[in-house]
Amino acid sequence: MGRTSKDKRDVYYRLAKENGWRARSAFKLLQLDEEFQLFQGVTRAVDLCAAPGSWSQVLSQKIGGQGSGHVVAVDLQAMAPLPGVLQIQGDITQLSTAKEIIQHFEGCPADLVVCDGAPDVTGLHDVDEYMQAQLLLAALNIATHVLKPGGCFVAKIFRGRDVTLIYSQLRVFFSSVLCAKPRSSRNSSIEAFAVCKGYDPPEGFLPDLTKPLLDHSYDFNQLDGPTRIIVPFVTCGDLSAYDSDRSYPLDEACALKKKGQLAKEICPQDCPMSTVDLLPQ
Ligand code: SAM
């Protein structure tokens, strides 16, 4: 049977092995640079959510800076050392990690911040998109502290229902925002990359780490200025609860009915393939 685009060992996986990249993701950044000249004039860069480190490899080889720390790589997981790359192990949504990164760039800001962060996918689209957006906004928050005016921010984004809201938030800080899908990013994946150029925060904007999204200790009623509206997101039930998008086998549904756990059957006699739809009680 032929391989599909979902195969882990696709052409980019093999090319990455051949070229010594730690992950096939390296090609995503290389292709984004090909299109948008992200590395032009860049000497200092931050790689958020960097492990296993293929983007850091690309950055350390392709940008102009030298010496340890011209690339700062941050991830929850430790990664093998790379020449010229300073590593910080931590959660980018946490205040302590953000402070450590910002400290490094004090007095000498970065030209480029990239974030390829991906949460552990649950399969629940709303939750996955929300988690992804949290990573992106945490990355943006860090970027507002370390980027020099005119700097560039590139972050993985899930093209879900509410993606236009994120574009609008990014547009507040950058003169140009667009969404790009490199060839090496699988068609079957909703991932794409927000490419934001020309860092230009609104007049009077003062980056503030006590504001969202770090540590979740903020009071939603106390926000003002450009970050004044934050909408909390609440999920209900757990992953073992019934999935409203799926149909369940008839015997499973009958067992539920016997136990009185089936709220409503939708025309069981008309259901194809011996299935009935369940509605939650
Ligand atoms: N760009 C990387 C490369 O080229 O090797 C691959 C990044 S991988 C797709 C996503 C990474 O996001 C994982 O290593 C994961 O540990 C990291 N991550 C997820 N949530 C994070 C968080 N809150 N803080 C820091 N890293 C996080």
# chains A, B, ... in the order shown; residues from 1 in each chain; ligands from 1

call {"tool": "residues_around", "arguments": {"residues": "Asp200 (chain A)", "least_positions_apart": "6", "cutoff": "8 Å", "atoms": "only C-alpha atoms", "output": "number ranges by chain"}}
result
A: 149-150, 173-175

call {"tool": "residues_near_ligand", "arguments": {"ligand": "ligand 1", "cutoff": "6 Å", "atoms": "only C-alpha atoms and all ligand atoms", "output": "number ranges by chain"}}
result
A: 23, 25-26, 49-55, 75-77, 90-93, 116-119

call {"tool": "atom_distance", "arguments": {"atom1": "CA of Pro81 (chain A)", "atom2": "CA of Glu35 (chain A)"}}
result
28.8 Å

call {"tool": "select_by_dssp", "arguments": {"residues": "region 16-176 of chain A", "states": "helix (DSSP H, G or I)", "output": "number ranges by chain"}}
result
A: 16-19, 26-36, 54-62, 95-105, 125-146, 163-171

call {"tool": "select_by_dssp", "arguments": {"residues": "region 3-228 of chain A", "states": "strand (DSSP E or B)", "output": "PyMOL selection string"}}
result
chain A and resi 45-48+71-75+85-89+110-115+147-158+174-180+191-199

call {"tool": "closest_residue", "arguments": {"among": "A:Lys148, A:Lys156, A:Arg14, A:Arg183", "to": "Glu106 (chain A)", "atoms": "only C-alpha atoms"}}
result
A:Lys148

call {"tool": "residues_around", "arguments": {"residues": "region 203-207 of chain A", "least_positions_apart": "2", "cutoff": "7 Å", "atoms": "only C-alpha atoms", "output": "ChimeraX atom specification"}}
result
/A:144-145,201,209

call {"tool": "write_last_selection", "arguments": {"atoms": "N, CA and C atoms", "output": "compact mmCIF listing (two decimals), in the first residue's frame"}}
result
# COMPACT_ATOMS: atom_id res chain seq x y z
N THR A 144 6.62 41.19 22.75
CA THR A 144 6.46 42.63 22.97
C THR A 144 7.52 43.17 23.94
N HIS A 145 8.13 42.28 24.70
CA HIS A 145 9.19 42.72 25.62
C HIS A 145 10.58 42.68 25.00
N PRO A 201 4.23 48.71 18.17
CA PRO A 201 3.13 48.68 19.15
C PRO A 201 2.36 50.00 19.16
N LEU A 209 4.19 42.30 32.20
CA LEU A 209 4.11 40.85 32.42
C LEU A 209 3.06 40.46 33.45

call {"tool": "atom_distance", "arguments": {"atom1": "CA of Ala78 (chain A)", "atom2": "CA of Ser184 (chain A)"}}
result
25.1 Å

call {"tool": "atom_distance", "arguments": {"atom1": "CA of Gln89 (chain A)", "atom2": "CA of Ala138 (chain A)"}}
result
15.5 Å

call {"tool": "residues_around", "arguments": {"residues": "Gln31 (chain A)", "least_positions_apart": "5", "cutoff": "12 Å", "atoms": "only C-alpha atoms", "output": "list in words"}}
result
Tyr12, Arg24, Ser25, Ala26, Phe36, Gln37, Leu38, Phe39, Trp55, Val58, Ala180, Lys181, Pro182, Arg183, Ser184, Ser185 and Phe193 of chain A

call {"tool": "write_last_selection", "arguments": {"atoms": "C-alpha atoms", "output": "PDB file, in the first residue's frame"}}
result
ATOM      1  CA  TYR A  12      10.661  15.823   4.549  1.00  0.00           C
ATOM      2  CA  ARG A  24      11.333  17.754   9.549  1.00  0.00           C
ATOM      3  CA  SER A  25      10.007  21.082  10.934  1.00  0.00           C
ATOM      4  CA  ALA A  26      13.318  22.667   9.846  1.00  0.00           C
ATOM      5  CA  PHE A  36       9.568  36.241   3.417  1.00  0.00           C
ATOM      6  CA  GLN A  37      13.351  36.769   3.901  1.00  0.00           C
ATOM      7  CA  LEU A  38      12.885  36.430   7.649  1.00  0.00           C
ATOM      8  CA  PHE A  39      16.602  36.174   8.376  1.00  0.00           C
ATOM      9  CA  TRP A  55      14.472  25.633  14.131  1.00  0.00           C
ATOM     10  CA  VAL A  58      18.414  26.690  11.196  1.00  0.00           C
ATOM     11  CA  ALA A 180       1.433  31.160   5.447  1.00  0.00           C
ATOM     12  CA  LYS A 181       1.367  27.421   4.874  1.00  0.00           C
ATOM     13  CA  PRO A 182       4.764  26.052   3.821  1.00  0.00           C
ATOM     14  CA  ARG A 183       4.825  23.059   1.459  1.00  0.00           C
ATOM     15  CA  SER A 184       6.405  20.959   4.193  1.00  0.00           C
ATOM     16  CA  SER A 185       3.416  21.486   6.496  1.00  0.00           C
ATOM     17  CA  PHE A 193       2.100  30.203  10.415  1.00  0.00           C
TER      18      PHE A 193
END

call {"tool": "closest_residue", "arguments": {"among": "A:Phe158, A:Ala139, A:Val146, A:Ala110", "to": "His125 (chain A)", "atoms": "only C-alpha atoms"}}
result
A:Phe158

call {"tool": "residues_around", "arguments": {"residues": "Ile63 (chain A)", "least_positions_apart": "3", "cutoff": "12 Å", "atoms": "only C-alpha atoms", "output": "MDAnalysis selection string"}}
result
chainID A and resid 30 33 37:46 55:60 66:67 70:71 84:85 110:112

call {"tool": "write_last_selection", "arguments": {"atoms": "N, CA and C atoms", "output": "compact mmCIF listing (two decimals), in the first residue's frame"}}
result
# COMPACT_ATOMS: atom_id res chain seq x y z
N LEU A 30 12.69 27.08 6.91
CA LEU A 30 13.49 27.40 5.72
C LEU A 30 12.59 27.90 4.58
N ASP A 33 11.34 31.36 5.32
CA ASP A 33 12.39 32.35 5.06
C ASP A 33 12.55 32.60 3.57
N GLN A 37 12.01 36.24 3.51
CA GLN A 37 13.35 36.77 3.90
C GLN A 37 13.39 37.15 5.38
N LEU A 38 12.99 36.18 6.20
CA LEU A 38 12.89 36.43 7.65
C LEU A 38 14.24 36.70 8.29
N PHE A 39 15.30 36.13 7.70
CA PHE A 39 16.60 36.17 8.38
C PHE A 39 17.44 37.39 7.96
N GLN A 40 16.92 38.16 7.01
CA GLN A 40 17.68 39.30 6.50
C GLN A 40 18.01 40.29 7.63
N GLY A 41 19.29 40.53 7.85
CA GLY A 41 19.73 41.51 8.85
C GLY A 41 19.54 41.05 10.29
N VAL A 42 19.17 39.80 10.49
CA VAL A 42 18.90 39.32 11.86
C VAL A 42 20.19 38.84 12.52
N THR A 43 20.44 39.34 13.74
CA THR A 43 21.61 38.84 14.47
C THR A 43 21.22 38.22 15.81
N ARG A 44 20.01 38.55 16.29
CA ARG A 44 19.58 37.99 17.58
C ARG A 44 18.15 37.48 17.44
N ALA A 45 17.95 36.24 17.90
CA ALA A 45 16.62 35.64 17.70
C ALA A 45 16.22 34.78 18.89
N VAL A 46 14.93 34.64 19.06
CA VAL A 46 14.38 33.79 20.12
C VAL A 46 13.56 32.67 19.47
N TRP A 55 14.56 24.19 14.45
CA TRP A 55 14.47 25.63 14.13
C TRP A 55 15.69 26.36 14.70
N SER A 56 16.12 25.96 15.90
CA SER A 56 17.32 26.58 16.48
C SER A 56 18.55 26.28 15.62
N GLN A 57 18.61 25.05 15.08
CA GLN A 57 19.72 24.72 14.18
C GLN A 57 19.72 25.66 12.97
N VAL A 58 18.53 25.82 12.37
CA VAL A 58 18.41 26.69 11.20
C VAL A 58 18.85 28.11 11.57
N LEU A 59 18.33 28.61 12.69
CA LEU A 59 18.64 29.99 13.09
C LEU A 59 20.14 30.14 13.34
N SER A 60 20.73 29.20 14.06
CA SER A 60 22.15 29.38 14.41
C SER A 60 23.02 29.32 13.16
N GLN A 66 26.80 36.13 16.35
CA GLN A 66 27.81 35.17 16.77
C GLN A 66 27.86 35.08 18.28
N GLY A 67 28.47 34.03 18.79
CA GLY A 67 28.65 33.88 20.23
C GLY A 67 27.45 33.24 20.86
N HIS A 70 23.20 34.32 20.81
CA HIS A 70 22.56 35.11 19.74
C HIS A 70 21.25 34.43 19.34
N VAL A 71 21.14 33.14 19.70
CA VAL A 71 19.85 32.46 19.60
C VAL A 71 19.50 31.95 21.00
N GLY A 84 26.22 28.15 19.85
CA GLY A 84 25.67 29.51 19.75
C GLY A 84 24.27 29.65 20.31
N VAL A 85 23.69 28.55 20.78
CA VAL A 85 22.29 28.59 21.24
C VAL A 85 22.25 28.48 22.76
N ALA A 110 15.90 41.71 20.40
CA ALA A 110 15.96 40.69 19.34
C ALA A 110 15.34 41.24 18.05
N ASP A 111 15.80 40.67 16.94
CA ASP A 111 15.25 41.05 15.63
C ASP A 111 14.10 40.12 15.23
N LEU A 112 14.12 38.93 15.80
CA LEU A 112 13.16 37.91 15.34
C LEU A 112 12.76 37.02 16.51

call {"tool": "residues_around", "arguments": {"residues": "Cys152 (chain A)", "least_positions_apart": "5", "cutoff": "8 Å", "atoms": "only C-alpha atoms", "output": "PyMOL selection string"}}
result
chain A and resi 38+111-113+147+195-199

call {"tool": "write_last_selection", "arguments": {"atoms": "N, CA and C atoms", "output": "CSV table (one decimal), in the first residue's frame"}}
result
chain,number,residue,atom,x,y,z
A,38,LEU,N,13.0,36.2,6.2
A,38,LEU,CA,12.9,36.4,7.6
A,38,LEU,C,14.2,36.7,8.3
A,111,ASP,N,15.8,40.7,16.9
A,111,ASP,CA,15.2,41.1,15.6
A,111,ASP,C,14.1,40.1,15.2
A,112,LEU,N,14.1,38.9,15.8
A,112,LEU,CA,13.2,37.9,15.3
A,112,LEU,C,12.8,37.0,16.5
A,113,VAL,N,11.4,36.8,16.7
A,113,VAL,CA,10.9,35.8,17.6
A,113,VAL,C,10.1,34.8,16.9
A,147,LEU,N,11.3,42.3,21.4
A,147,LEU,CA,11.6,42.7,19.9
A,147,LEU,C,12.0,44.2,19.8
A,195,VAL,N,2.8,35.2,10.0
A,195,VAL,CA,4.1,35.9,9.7
A,195,VAL,C,3.8,37.4,9.9
A,196,CYS,N,4.4,37.9,11.0
A,196,CYS,CA,4.1,39.3,11.4
A,196,CYS,C,5.4,40.1,11.2
A,197,LYS,N,5.4,41.2,10.4
A,197,LYS,CA,6.6,42.0,10.2
A,197,LYS,C,6.3,43.4,10.6
A,198,GLY,N,7.4,44.1,11.0
A,198,GLY,CA,7.3,45.5,11.3
A,198,GLY,C,6.7,45.7,12.7
A,199,TYR,N,7.4,45.3,13.8
A,199,TYR,CA,6.9,45.5,15.1
A,199,TYR,C,6.7,47.0,15.4
